[in-house]
Amino acid sequence: MRRFLALAGVLALAAVMSPLAAQAADHDGDGDGSVIVPECTGETPIVCHADVPPGNYDVTVVLGDAGEPGLTAVRAEARRMMLGEVSTAPGRFVRRSFSVNVREPEGEPTKTTSGTPGLTLTFTGASPRVQRVTVRPQRHARPVLYLAGDSTVCDQDTFPYTGWGQAIPQHLPSWLTVANYADSGESSGSFLADPRLFATMLPLVAPGDVVVLQFGHNDKTTTAEDYRANLTRLVTGVRERQARPVLVSPPVRRLFDSTGVLTPTARHVNGLGVDLPAEMSAVAADLDVPYIDLTADSAALVESLGPEDSKPLYLYDELRDNTHFSESGADRFGGLVLERLIPVLHDVDDRAVGRADEESPDTPLLGGEGMHDLVPE
């Protein structure tokens, strides 16, 4: 109750002050110096930056305006989708929370010039309205969802390219942090060989974390034996950290034959004739690892749409690209992954500790963080 009254006081103050200036009046409500108030500039978009070191952070935002309607979405760092568009009527305020992994570089691990140090939040939408932004270092270890893969997964810093790993945070509960170490152009072998990739990510993985491994797009000349050996090394490394690996086969390319059926190349039968999804499925069975057949799931989606209606999922219209995703396409493919990942994440949910202070304990695992509609008295 005290927390709500304090927030109501801030909102009332915001009615006579500029919204993001008003938050400075109560920049550390806990009095312990742990709450960080970012510096914010601009109107459309509004960009907020906090000078913080690498780590995991809980972010709480209050969206809305006393006199104007708002339509606000939130991106973090390299275009990670943290909140989808939130609509607020005049005088209505919504509080949302999410967690962000801050690292350097902030996007693809091999792009050393990607982004800036610290945490950057970008409030987009037709009419972004932001009353308050606070950032707090995570005070307790909580499960992390690590992603390892290629350009169809990674945090792409250049529009319109979008990896499905950028799209899924907006659909996850605020206590679960996504750390995306996927990188463009990587195969199962190169991800192991480059010291900036698996060798950098693996020491950060803690017991109870989940590590999603998607490779195949760039294993065009990898033999079946090497592919299986690479996947086995990745799984073994994750298990040695007492974390849980999940194998994900690559999403299809948009390559149709004359009858409207996806070609073997689209389904990742490589140049040596190796059926990569089938090989991954066999490894998953041999090692008793959860397996998501994203190749089959994405093929069903793309073939159901057909050659014409499937174009918007990819960057065909923009770049004649049948491999990489649009923002909406990344969200669709990410949704396919999350549907299959739910059983694994439910297991993590049962063991999660030290969740974000602002979150209700009955927050659903997927499908929203529990929106709070606040009306100042």
# chains A, B, ... in the order shown; residues from 1 in each chain; ligands from 1

call {"tool": "select_by_dssp", "arguments": {"residues": "stretch 238-347 of chain A", "states": "helix (DSSP H, G or I)", "output": "CSV table (one decimal) with all heavy atoms, in the first residue's frame"}}
result
chain,number,residue,atom,x,y,z
A,238,VAL,N,27.3,-27.4,-22.0
A,238,VAL,CA,26.2,-26.8,-21.2
A,238,VAL,C,25.9,-27.7,-20.0
A,238,VAL,O,25.7,-27.2,-18.8
A,238,VAL,CB,24.9,-26.6,-22.1
A,238,VAL,CG1,23.7,-26.2,-21.2
A,238,VAL,CG2,25.2,-25.6,-23.2
A,239,ARG,N,25.8,-29.0,-20.2
A,239,ARG,CA,25.5,-29.9,-19.0
A,239,ARG,C,26.6,-29.8,-18.0
A,239,ARG,O,26.3,-30.0,-16.8
A,239,ARG,CB,25.3,-31.3,-19.6
A,239,ARG,CG,23.9,-31.5,-20.2
A,239,ARG,CD,23.7,-32.9,-20.7
A,239,ARG,NE,22.3,-33.1,-20.9
A,239,ARG,CZ,21.8,-34.2,-21.6
A,239,ARG,NH1,22.7,-35.1,-22.1
A,239,ARG,NH2,20.5,-34.3,-21.8
A,240,GLU,N,27.8,-29.6,-18.4
A,240,GLU,CA,28.9,-29.5,-17.4
A,240,GLU,C,28.7,-28.3,-16.5
A,240,GLU,O,29.2,-28.3,-15.4
A,240,GLU,CB,30.3,-29.4,-18.1
A,240,GLU,CG,30.7,-30.8,-18.7
A,240,GLU,CD,32.0,-30.7,-19.5
A,240,GLU,OE1,32.4,-29.5,-19.7
A,240,GLU,OE2,32.5,-31.7,-19.8
A,276,LEU,N,20.2,-32.0,-42.1
A,276,LEU,CA,20.7,-31.5,-40.8
A,276,LEU,C,19.6,-31.6,-39.7
A,276,LEU,O,20.0,-32.0,-38.6
A,276,LEU,CB,21.2,-30.1,-41.0
A,276,LEU,CG,22.4,-29.9,-41.9
A,276,LEU,CD1,22.6,-28.4,-42.1
A,276,LEU,CD2,23.6,-30.5,-41.3
A,277,PRO,N,18.4,-31.3,-40.0
A,277,PRO,CA,17.4,-31.5,-38.9
A,277,PRO,C,17.2,-32.9,-38.4
A,277,PRO,O,17.1,-33.2,-37.2
A,277,PRO,CB,16.1,-31.0,-39.5
A,277,PRO,CG,16.5,-30.0,-40.6
A,277,PRO,CD,17.8,-30.6,-41.1
A,278,ALA,N,17.3,-33.9,-39.4
A,278,ALA,CA,17.3,-35.3,-39.0
A,278,ALA,C,18.5,-35.7,-38.1
A,278,ALA,O,18.3,-36.4,-37.2
A,278,ALA,CB,17.2,-36.2,-40.2
A,279,GLU,N,19.6,-35.1,-38.5
A,279,GLU,CA,20.8,-35.4,-37.7
A,279,GLU,C,20.7,-34.8,-36.3
A,279,GLU,O,21.1,-35.4,-35.3
A,279,GLU,CB,22.1,-34.9,-38.4
A,279,GLU,CG,22.4,-35.5,-39.7
A,279,GLU,CD,22.8,-37.0,-39.5
A,279,GLU,OE1,23.3,-37.4,-38.4
A,279,GLU,OE2,22.5,-37.8,-40.5
A,280,MET,N,20.2,-33.6,-36.2
A,280,MET,CA,20.0,-33.0,-34.9
A,280,MET,C,19.0,-33.8,-34.0
A,280,MET,O,19.2,-34.0,-32.8
A,280,MET,CB,19.5,-31.5,-35.0
A,280,MET,CG,19.3,-30.8,-33.7
A,280,MET,SD,18.8,-29.1,-33.8
A,280,MET,CE,20.4,-28.3,-34.2
A,281,SER,N,17.9,-34.2,-34.7
A,281,SER,CA,16.9,-35.0,-34.0
A,281,SER,C,17.6,-36.3,-33.4
A,281,SER,O,17.3,-36.7,-32.3
A,281,SER,CB,15.8,-35.4,-34.9
A,281,SER,OG,14.8,-36.2,-34.3
A,282,ALA,N,18.4,-36.9,-34.2
A,282,ALA,CA,19.1,-38.1,-33.7
A,282,ALA,C,20.0,-37.9,-32.5
A,282,ALA,O,20.1,-38.6,-31.5
A,282,ALA,CB,19.9,-38.8,-34.8
A,283,VAL,N,20.7,-36.7,-32.6
A,283,VAL,CA,21.6,-36.4,-31.4
A,283,VAL,C,20.8,-36.1,-30.2
A,283,VAL,O,21.1,-36.5,-29.1
A,283,VAL,CB,22.4,-35.1,-31.8
A,283,VAL,CG1,23.2,-34.6,-30.6
A,283,VAL,CG2,23.4,-35.4,-32.9
A,284,ALA,N,19.7,-35.4,-30.4
A,284,ALA,CA,18.8,-35.1,-29.2
A,284,ALA,C,18.3,-36.4,-28.6
A,284,ALA,O,18.2,-36.5,-27.3
A,284,ALA,CB,17.6,-34.2,-29.7
A,285,ALA,N,17.9,-37.4,-29.4
A,285,ALA,CA,17.4,-38.6,-28.9
A,285,ALA,C,18.6,-39.4,-28.2
A,285,ALA,O,18.4,-39.9,-27.1
A,285,ALA,CB,16.8,-39.5,-30.0
A,286,ASP,N,19.7,-39.4,-28.8
A,286,ASP,CA,20.9,-40.1,-28.2
A,286,ASP,C,21.3,-39.5,-26.8
A,286,ASP,O,21.6,-40.3,-25.9
A,286,ASP,CB,22.1,-40.1,-29.1
A,286,ASP,CG,21.9,-41.0,-30.4
A,286,ASP,OD1,20.9,-41.8,-30.4
A,286,ASP,OD2,22.6,-40.8,-31.3
A,287,LEU,N,21.2,-38.2,-26.7
A,287,LEU,CA,21.7,-37.5,-25.5
A,287,LEU,C,20.6,-37.2,-24.6
A,287,LEU,O,20.8,-36.6,-23.5
A,287,LEU,CB,22.4,-36.2,-25.9
A,287,LEU,CG,23.7,-36.4,-26.8
A,287,LEU,CD1,24.3,-35.1,-27.1
A,287,LEU,CD2,24.7,-37.4,-26.2
A,294,LEU,N,12.0,-26.8,-35.2
A,294,LEU,CA,11.6,-25.5,-35.8
A,294,LEU,C,11.6,-25.6,-37.4
A,294,LEU,O,10.8,-24.9,-38.0
A,294,LEU,CB,12.5,-24.4,-35.4
A,294,LEU,CG,12.2,-23.0,-35.8
A,294,LEU,CD1,10.8,-22.6,-35.4
A,294,LEU,CD2,13.2,-22.0,-35.3
A,295,THR,N,12.4,-26.5,-37.9
A,295,THR,CA,12.3,-26.7,-39.4
A,295,THR,C,10.9,-27.2,-39.8
A,295,THR,O,10.3,-26.6,-40.7
A,295,THR,CB,13.4,-27.8,-39.8
A,295,THR,OG1,14.6,-27.4,-39.3
A,295,THR,CG2,13.4,-27.8,-41.3
A,296,ALA,N,10.4,-28.2,-39.1
A,296,ALA,CA,9.0,-28.7,-39.4
A,296,ALA,C,8.0,-27.7,-39.1
A,296,ALA,O,7.0,-27.4,-39.9
A,296,ALA,CB,8.8,-30.0,-38.7
A,297,ASP,N,8.1,-27.0,-38.0
A,297,ASP,CA,7.0,-26.1,-37.6
A,297,ASP,C,7.0,-24.8,-38.5
A,297,ASP,O,6.0,-24.3,-38.9
A,297,ASP,CB,7.3,-25.6,-36.1
A,297,ASP,CG,7.0,-26.7,-35.1
A,297,ASP,OD1,6.3,-27.7,-35.5
A,297,ASP,OD2,7.4,-26.5,-33.9
A,298,SER,N,8.2,-24.4,-38.9
A,298,SER,CA,8.3,-23.2,-39.8
A,298,SER,C,7.9,-23.6,-41.2
A,298,SER,O,7.2,-22.8,-41.9
A,298,SER,CB,9.7,-22.6,-39.8
A,298,SER,OG,10.6,-23.5,-40.2
A,299,ALA,N,8.2,-24.8,-41.6
A,299,ALA,CA,7.8,-25.3,-42.9
A,299,ALA,C,6.2,-25.3,-43.0
A,299,ALA,O,5.6,-24.9,-44.0
A,299,ALA,CB,8.3,-26.7,-43.2
A,300,ALA,N,5.6,-25.8,-41.9
A,300,ALA,CA,4.1,-25.9,-41.9
A,300,ALA,C,3.5,-24.5,-42.1
A,300,ALA,O,2.6,-24.2,-42.8
A,300,ALA,CB,3.6,-26.5,-40.7
A,301,LEU,N,4.1,-23.5,-41.4
A,301,LEU,CA,3.6,-22.1,-41.4
A,301,LEU,C,3.9,-21.5,-42.8
A,301,LEU,O,2.9,-21.0,-43.4
A,301,LEU,CB,4.4,-21.3,-40.4
A,301,LEU,CG,4.2,-19.8,-40.5
A,301,LEU,CD1,2.7,-19.4,-40.2
A,301,LEU,CD2,5.1,-19.0,-39.5
A,302,VAL,N,5.1,-21.7,-43.3
A,302,VAL,CA,5.4,-21.0,-44.6
A,302,VAL,C,4.6,-21.7,-45.8
A,302,VAL,O,4.1,-21.0,-46.7
A,302,VAL,CB,6.9,-21.1,-44.9
A,302,VAL,CG1,7.3,-20.6,-46.3
A,302,VAL,CG2,7.7,-20.2,-43.8
A,303,GLU,N,4.5,-23.0,-45.8
A,303,GLU,CA,3.7,-23.7,-46.8
A,303,GLU,C,2.3,-23.4,-46.7
A,303,GLU,O,1.6,-23.3,-47.8
A,303,GLU,CB,4.0,-25.2,-46.8
A,303,GLU,CG,5.4,-25.5,-47.3
A,303,GLU,CD,5.6,-27.0,-47.5
A,303,GLU,OE1,4.9,-27.8,-46.8
A,303,GLU,OE2,6.5,-27.4,-48.3
A,304,SER,N,1.7,-23.2,-45.5
A,304,SER,CA,0.3,-22.9,-45.4
A,304,SER,C,0.0,-21.5,-46.0
A,304,SER,O,-1.1,-21.2,-46.5
A,304,SER,CB,-0.1,-22.9,-43.9
A,304,SER,OG,0.5,-21.9,-43.2
A,305,LEU,N,1.0,-20.6,-45.9
A,305,LEU,CA,0.8,-19.2,-46.4
A,305,LEU,C,1.0,-19.2,-47.9
A,305,LEU,O,0.4,-18.4,-48.6
A,305,LEU,CB,1.8,-18.3,-45.7
A,305,LEU,CG,1.5,-18.0,-44.3
A,305,LEU,CD1,2.7,-17.2,-43.7
A,305,LEU,CD2,0.2,-17.2,-44.1
A,306,GLY,N,1.9,-20.1,-48.4
A,306,GLY,CA,2.2,-20.1,-49.8
A,306,GLY,C,3.3,-19.1,-50.3
A,306,GLY,O,3.7,-18.3,-49.5
A,307,PRO,N,3.7,-19.2,-51.5
A,307,PRO,CA,4.8,-18.4,-52.1
A,307,PRO,C,4.6,-16.9,-51.9
A,307,PRO,O,5.5,-16.2,-51.7
A,307,PRO,CB,4.9,-18.8,-53.5
A,307,PRO,CG,4.3,-20.2,-53.6
A,307,PRO,CD,3.2,-20.2,-52.5
A,308,GLU,N,3.4,-16.4,-52.1
A,308,GLU,CA,3.1,-15.0,-52.0
A,308,GLU,C,2.9,-14.5,-50.6
A,308,GLU,O,3.6,-13.5,-50.2
A,308,GLU,CB,1.9,-14.7,-52.9
A,308,GLU,CG,1.7,-13.2,-53.1
A,308,GLU,CD,2.8,-12.5,-53.9
A,308,GLU,OE1,3.4,-13.2,-54.7
A,308,GLU,OE2,3.1,-11.3,-53.7
A,309,ASP,N,2.0,-15.1,-49.9
A,309,ASP,CA,1.7,-14.6,-48.5
A,309,ASP,C,2.8,-14.8,-47.5
A,309,ASP,O,2.8,-14.2,-46.4
A,309,ASP,CB,0.4,-15.2,-48.1
A,309,ASP,CG,-0.8,-14.6,-48.8
A,309,ASP,OD1,-0.7,-13.6,-49.5
A,309,ASP,OD2,-1.9,-15.3,-48.7
A,311,LYS,N,5.9,-14.0,-48.1
A,311,LYS,CA,7.0,-13.0,-48.3
A,311,LYS,C,7.2,-12.1,-47.1
A,311,LYS,O,8.3,-11.8,-46.8
A,311,LYS,CB,6.7,-12.2,-49.6
A,311,LYS,CG,6.9,-13.0,-50.9
A,311,LYS,CD,6.5,-12.1,-52.1
A,311,LYS,CE,6.7,-12.9,-53.4
A,311,LYS,NZ,6.3,-12.0,-54.6
A,312,PRO,N,6.1,-11.5,-46.5
A,312,PRO,CA,6.3,-10.6,-45.4
A,312,PRO,C,7.0,-11.2,-44.2
A,312,PRO,O,7.5,-10.4,-43.4
A,312,PRO,CB,4.8,-10.2,-45.1
A,312,PRO,CG,4.1,-10.4,-46.3
A,312,PRO,CD,4.6,-11.6,-46.9
A,313,LEU,N,7.1,-12.5,-44.1
A,313,LEU,CA,7.8,-13.1,-42.9
A,313,LEU,C,9.3,-12.8,-43.1
A,313,LEU,O,10.0,-12.8,-42.1
A,313,LEU,CB,7.5,-14.6,-42.8
A,313,LEU,CG,6.1,-15.0,-42.5
A,313,LEU,CD1,6.1,-16.6,-42.6
A,313,LEU,CD2,5.7,-14.5,-41.2
A,316,TYR,N,12.0,-10.4,-48.3
A,316,TYR,CA,11.9,-10.6,-49.7
A,316,TYR,C,11.6,-9.3,-50.4
A,316,TYR,O,12.2,-8.9,-51.4
A,316,TYR,CB,10.9,-11.6,-50.1
A,316,TYR,CG,10.8,-11.8,-51.6
A,316,TYR,CD1,11.7,-12.7,-52.3
A,316,TYR,CD2,9.8,-11.1,-52.3
A,316,TYR,CE1,11.6,-12.8,-53.6
A,316,TYR,CE2,9.8,-11.3,-53.7
A,316,TYR,CZ,10.7,-12.1,-54.4
A,316,TYR,OH,10.6,-12.2,-55.7
A,317,ASP,N,10.5,-8.6,-49.9
A,317,ASP,CA,10.1,-7.3,-50.6
A,317,ASP,C,11.2,-6.3,-50.5
A,317,ASP,O,11.4,-5.5,-51.4
A,317,ASP,CB,8.8,-6.8,-50.0
A,317,ASP,CG,7.6,-7.7,-50.3
A,317,ASP,OD1,7.7,-8.4,-51.4
A,317,ASP,OD2,6.7,-7.8,-49.6
A,318,GLU,N,11.9,-6.2,-49.4
A,318,GLU,CA,12.9,-5.2,-49.1
A,318,GLU,C,14.2,-5.5,-49.8
A,318,GLU,O,14.9,-4.7,-50.5
A,318,GLU,CB,13.2,-5.0,-47.6
A,318,GLU,CG,12.0,-4.6,-46.8
A,318,GLU,CD,11.2,-5.7,-46.3
A,318,GLU,OE1,11.3,-6.9,-46.8
A,318,GLU,OE2,10.3,-5.5,-45.4
A,319,LEU,N,14.7,-6.8,-49.7
A,319,LEU,CA,16.0,-7.2,-50.2
A,319,LEU,C,16.1,-8.4,-51.0
A,319,LEU,O,17.2,-8.9,-51.3
A,319,LEU,CB,16.9,-7.3,-48.9
A,319,LEU,CG,17.0,-6.1,-48.0
A,319,LEU,CD1,17.7,-6.6,-46.6
A,319,LEU,CD2,17.9,-5.1,-48.6
A,327,GLU,N,10.6,-7.8,-38.9
A,327,GLU,CA,10.3,-7.8,-37.5
A,327,GLU,C,9.1,-8.7,-37.2
A,327,GLU,O,9.0,-9.4,-36.2
A,327,GLU,CB,10.0,-6.4,-37.0
A,327,GLU,CG,11.3,-5.5,-37.0
A,327,GLU,CD,11.1,-4.2,-36.3
A,327,GLU,OE1,9.9,-3.7,-36.2
A,327,GLU,OE2,12.1,-3.6,-35.9
A,328,SER,N,8.1,-8.6,-38.1
A,328,SER,CA,6.9,-9.4,-37.8
A,328,SER,C,7.2,-10.9,-38.0
A,328,SER,O,6.6,-11.7,-37.3
A,328,SER,CB,5.7,-9.0,-38.7
A,328,SER,OG,6.1,-9.1,-40.1
A,329,GLY,N,8.0,-11.2,-39.0
A,329,GLY,CA,8.4,-12.6,-39.2
A,329,GLY,C,9.2,-13.2,-38.0
A,329,GLY,O,9.0,-14.3,-37.6
A,330,ALA,N,10.1,-12.4,-37.5
A,330,ALA,CA,10.9,-12.8,-36.3
A,330,ALA,C,10.0,-13.1,-35.2
A,330,ALA,O,10.2,-14.1,-34.4
A,330,ALA,CB,11.9,-11.8,-36.0
A,331,ASP,N,8.9,-12.3,-35.0
A,331,ASP,CA,8.0,-12.5,-33.9
A,331,ASP,C,7.2,-13.8,-34.2
A,331,ASP,O,7.0,-14.6,-33.2
A,331,ASP,CB,7.0,-11.3,-33.8
A,331,ASP,CG,6.3,-11.3,-32.5
A,331,ASP,OD1,6.8,-11.8,-31.5
A,331,ASP,OD2,5.1,-10.8,-32.5
A,332,ARG,N,6.8,-14.1,-35.4
A,332,ARG,CA,6.1,-15.3,-35.7
A,332,ARG,C,7.0,-16.6,-35.4
A,332,ARG,O,6.5,-17.5,-34.8
A,332,ARG,CB,5.6,-15.3,-37.1
A,332,ARG,CG,4.5,-14.4,-37.5
A,332,ARG,CD,3.2,-14.7,-36.8
A,332,ARG,NE,2.6,-16.0,-37.4
A,332,ARG,CZ,1.9,-16.1,-38.5
A,332,ARG,NH1,1.6,-15.0,-39.2
A,332,ARG,NH2,1.4,-17.2,-38.8
A,333,PHE,N,8.2,-16.5,-35.9
A,333,PHE,CA,9.1,-17.7,-35.7
A,333,PHE,C,9.5,-17.8,-34.3
A,333,PHE,O,9.6,-19.0,-33.8
A,333,PHE,CB,10.3,-17.5,-36.6
A,333,PHE,CG,10.1,-17.8,-38.1
A,333,PHE,CD1,10.1,-16.7,-39.0
A,333,PHE,CD2,9.7,-19.0,-38.6
A,333,PHE,CE1,9.9,-16.9,-40.3
A,333,PHE,CE2,9.4,-19.2,-39.9
A,333,PHE,CZ,9.5,-18.2,-40.8
A,334,GLY,N,9.7,-16.7,-33.6
A,334,GLY,CA,10.0,-16.8,-32.2
A,334,GLY,C,8.8,-17.4,-31.4
A,334,GLY,O,9.0,-18.2,-30.4
A,335,GLY,N,7.6,-17.1,-31.8
A,335,GLY,CA,6.4,-17.7,-31.2
A,335,GLY,C,6.4,-19.2,-31.4
A,335,GLY,O,6.0,-19.9,-30.5
A,336,LEU,N,6.8,-19.7,-32.5
A,336,LEU,CA,6.9,-21.1,-32.7
A,336,LEU,C,7.9,-21.8,-31.7
A,336,LEU,O,7.6,-22.9,-31.2
A,336,LEU,CB,7.3,-21.5,-34.2
A,336,LEU,CG,6.4,-21.0,-35.3
A,336,LEU,CD1,7.0,-21.3,-36.6
A,336,LEU,CD2,5.0,-21.7,-35.1
A,337,VAL,N,9.0,-21.1,-31.5
A,337,VAL,CA,10.0,-21.7,-30.6
A,337,VAL,C,9.4,-21.7,-29.2
A,337,VAL,O,9.5,-22.7,-28.4
A,337,VAL,CB,11.3,-20.8,-30.6
A,337,VAL,CG1,12.2,-21.3,-29.5
A,337,VAL,CG2,12.0,-20.9,-31.9
A,338,LEU,N,8.8,-20.6,-28.8
A,338,LEU,CA,8.2,-20.5,-27.4
A,338,LEU,C,7.1,-21.5,-27.1
A,338,LEU,O,7.0,-22.1,-26.0
A,338,LEU,CB,7.7,-19.1,-27.1
A,338,LEU,CG,8.8,-18.0,-27.0
A,338,LEU,CD1,8.1,-16.7,-26.7
A,338,LEU,CD2,9.8,-18.3,-25.9
A,339,GLU,N,6.3,-21.8,-28.1
A,339,GLU,CA,5.3,-22.8,-28.0
A,339,GLU,C,5.9,-24.2,-27.5
A,339,GLU,O,5.3,-24.9,-26.7
A,339,GLU,CB,4.5,-23.0,-29.2
A,339,GLU,CG,3.5,-21.8,-29.5
A,339,GLU,CD,2.8,-22.0,-30.9
A,339,GLU,OE1,2.9,-23.2,-31.4
A,339,GLU,OE2,2.2,-21.1,-31.3
A,340,ARG,N,7.0,-24.5,-28.1
A,340,ARG,CA,7.7,-25.8,-27.8
A,340,ARG,C,8.5,-25.7,-26.6
A,340,ARG,O,8.9,-26.8,-26.0
A,340,ARG,CB,8.5,-26.2,-29.0
A,340,ARG,CG,7.8,-26.4,-30.3
A,340,ARG,CD,6.7,-27.5,-30.3
A,340,ARG,NE,6.1,-27.7,-31.6
A,340,ARG,CZ,5.2,-28.6,-31.9
A,340,ARG,NH1,4.8,-29.4,-31.0
A,340,ARG,NH2,4.7,-28.7,-33.1
A,341,LEU,N,8.9,-24.5,-26.2
A,341,LEU,CA,9.9,-24.3,-25.1
A,341,LEU,C,9.1,-24.3,-23.8
A,341,LEU,O,9.7,-24.3,-22.7
A,341,LEU,CB,10.7,-23.1,-25.3
A,341,LEU,CG,11.9,-22.8,-24.5
A,341,LEU,CD1,12.9,-24.0,-24.7
A,341,LEU,CD2,12.6,-21.5,-24.9
A,342,ILE,N,7.8,-24.1,-23.8
A,342,ILE,CA,7.0,-24.0,-22.6
A,342,ILE,C,7.3,-25.0,-21.5
A,342,ILE,O,7.5,-24.7,-20.4
A,342,ILE,CB,5.5,-23.9,-22.9
A,342,ILE,CG1,5.2,-22.5,-23.5
A,342,ILE,CG2,4.7,-24.1,-21.7
A,342,ILE,CD1,3.8,-22.4,-24.0
A,343,PRO,N,7.3,-26.3,-21.9
A,343,PRO,CA,7.6,-27.3,-20.8
A,343,PRO,C,8.9,-27.1,-20.1
A,343,PRO,O,9.0,-27.3,-18.9
A,343,PRO,CB,7.6,-28.7,-21.6
A,343,PRO,CG,6.7,-28.4,-22.8
A,343,PRO,CD,7.0,-27.0,-23.2
A,344,VAL,N,10.0,-26.7,-20.8
A,344,VAL,CA,11.3,-26.5,-20.2
A,344,VAL,C,11.2,-25.3,-19.3
A,344,VAL,O,11.7,-25.3,-18.2
A,344,VAL,CB,12.3,-26.3,-21.3
A,344,VAL,CG1,13.7,-26.0,-20.7
A,344,VAL,CG2,12.4,-27.5,-22.2
A,345,LEU,N,10.6,-24.2,-19.8
A,345,LEU,CA,10.5,-23.0,-19.0
A,345,LEU,C,9.6,-23.2,-17.8
A,345,LEU,O,9.8,-22.5,-16.8
A,345,LEU,CB,10.0,-21.8,-19.9
A,345,LEU,CG,10.9,-21.4,-21.0
A,345,LEU,CD1,10.3,-20.2,-21.8
A,345,LEU,CD2,12.3,-21.1,-20.5
A,346,HIS,N,8.6,-24.0,-17.9
A,346,HIS,CA,7.8,-24.3,-16.7
A,346,HIS,C,8.6,-24.9,-15.6
A,346,HIS,O,8.4,-24.7,-14.4
A,346,HIS,CB,6.6,-25.2,-17.0
A,346,HIS,CG,5.4,-24.4,-17.4
A,346,HIS,ND1,4.8,-23.5,-16.6
A,346,HIS,CD2,4.6,-24.4,-18.6
A,346,HIS,CE1,3.7,-23.0,-17.2
A,346,HIS,NE2,3.6,-23.5,-18.4
A,347,ASP,N,9.5,-25.8,-16.0
A,347,ASP,CA,10.4,-26.4,-15.0
A,347,ASP,C,11.3,-25.3,-14.4
A,347,ASP,O,11.6,-25.4,-13.2
A,347,ASP,CB,11.3,-27.5,-15.7
A,347,ASP,CG,12.2,-28.2,-14.8
A,347,ASP,OD1,11.7,-28.6,-13.7
A,347,ASP,OD2,13.4,-28.4,-15.0

call {"tool": "residues_around", "arguments": {"residues": "stretch 206-216 of chain A", "least_positions_apart": "6", "cutoff": "7 Å", "atoms": "only C-alpha atoms", "output": "JSON, numbers by chain"}}
result
{"A": [143, 144, 145, 146, 147, 148, 149, 150, 187, 188, 241, 242, 243, 244, 245, 246, 247, 248, 249, 250, 268, 276, 348]}

call {"tool": "select_by_dssp", "arguments": {"residues": "stretch 111-144 of chain A", "states": "strand (DSSP E or B)", "output": "list in words"}}
result
Leu119, Thr120, Leu121, Thr122, Phe123, Thr124, Gly125, Ala126, Ser127, Val130, Gln131, Arg132, Val133, Thr134, Val135, Arg136, Pro137 and Val144 of chain A

call {"tool": "write_last_selection", "arguments": {"atoms": "N, CA and C atoms", "output": "mmCIF file, in the first residue's frame"}}
result
data_model
loop_
_atom_site.group_PDB
_atom_site.id
_atom_site.type_symbol
_atom_site.label_atom_id
_atom_site.label_comp_id
_atom_site.auth_asym_id
_atom_site.auth_seq_id
_atom_site.Cartn_x
_atom_site.Cartn_y
_atom_site.Cartn_z
ATOM 1 N N LEU A 119 23.174 0.759 -20.439
ATOM 2 C CA LEU A 119 21.848 0.286 -20.840
ATOM 3 C C LEU A 119 21.102 1.385 -21.570
ATOM 4 N N THR A 120 20.637 1.075 -22.775
ATOM 5 C CA THR A 120 19.832 2.006 -23.561
ATOM 6 C C THR A 120 18.434 1.446 -23.760
ATOM 7 N N LEU A 121 17.434 2.244 -23.420
ATOM 8 C CA LEU A 121 16.030 1.898 -23.631
ATOM 9 C C LEU A 121 15.437 2.893 -24.614
ATOM 10 N N THR A 122 14.714 2.389 -25.603
ATOM 11 C CA THR A 122 14.099 3.244 -26.606
ATOM 12 C C THR A 122 12.584 3.030 -26.584
ATOM 13 N N PHE A 123 11.857 4.106 -26.328
ATOM 14 C CA PHE A 123 10.396 4.064 -26.274
ATOM 15 C C PHE A 123 9.869 4.521 -27.623
ATOM 16 N N THR A 124 9.286 3.588 -28.358
ATOM 17 C CA THR A 124 8.805 3.850 -29.703
ATOM 18 C C THR A 124 7.280 3.829 -29.709
ATOM 19 N N GLY A 125 6.709 3.799 -30.909
ATOM 20 C CA GLY A 125 5.259 3.822 -31.045
ATOM 21 C C GLY A 125 4.816 5.139 -31.640
ATOM 22 N N ALA A 126 3.535 5.203 -32.000
ATOM 23 C CA ALA A 126 3.005 6.408 -32.630
ATOM 24 C C ALA A 126 3.048 7.610 -31.700
ATOM 25 N N SER A 127 2.834 7.382 -30.403
ATOM 26 C CA SER A 127 2.813 8.492 -29.437
ATOM 27 C C SER A 127 3.316 7.984 -28.083
ATOM 28 N N VAL A 130 5.807 8.378 -21.439
ATOM 29 C CA VAL A 130 6.569 7.736 -20.372
ATOM 30 C C VAL A 130 6.582 8.647 -19.156
ATOM 31 N N GLN A 131 6.132 8.126 -18.020
ATOM 32 C CA GLN A 131 6.131 8.889 -16.782
ATOM 33 C C GLN A 131 7.353 8.602 -15.929
ATOM 34 N N ARG A 132 7.785 7.352 -15.921
ATOM 35 C CA ARG A 132 8.822 6.969 -14.971
ATOM 36 C C ARG A 132 9.593 5.765 -15.506
ATOM 37 N N VAL A 133 10.915 5.788 -15.308
ATOM 38 C CA VAL A 133 11.774 4.662 -15.672
ATOM 39 C C VAL A 133 12.762 4.448 -14.530
ATOM 40 N N THR A 134 12.814 3.244 -14.007
ATOM 41 C CA THR A 134 13.809 2.919 -12.992
ATOM 42 C C THR A 134 14.508 1.617 -13.359
ATOM 43 N N VAL A 135 15.775 1.546 -12.998
ATOM 44 C CA VAL A 135 16.624 0.391 -13.299
ATOM 45 C C VAL A 135 17.245 -0.074 -11.986
ATOM 46 N N ARG A 136 17.231 -1.370 -11.756
ATOM 47 C CA ARG A 136 17.810 -1.917 -10.532
ATOM 48 C C ARG A 136 18.648 -3.149 -10.882
ATOM 49 N N PRO A 137 19.900 -3.226 -10.416
ATOM 50 C CA PRO A 137 20.666 -4.471 -10.612
ATOM 51 C C PRO A 137 19.952 -5.640 -9.953
ATOM 52 N N VAL A 144 18.434 -17.683 -16.324
ATOM 53 C CA VAL A 144 18.698 -16.940 -17.556
ATOM 54 C C VAL A 144 18.445 -17.876 -18.735
#

call {"tool": "atom_distance", "arguments": {"atom1": "atom CA of A:Glu106", "atom2": "atom CA of A:Arg139"}}
result
21.5 Å
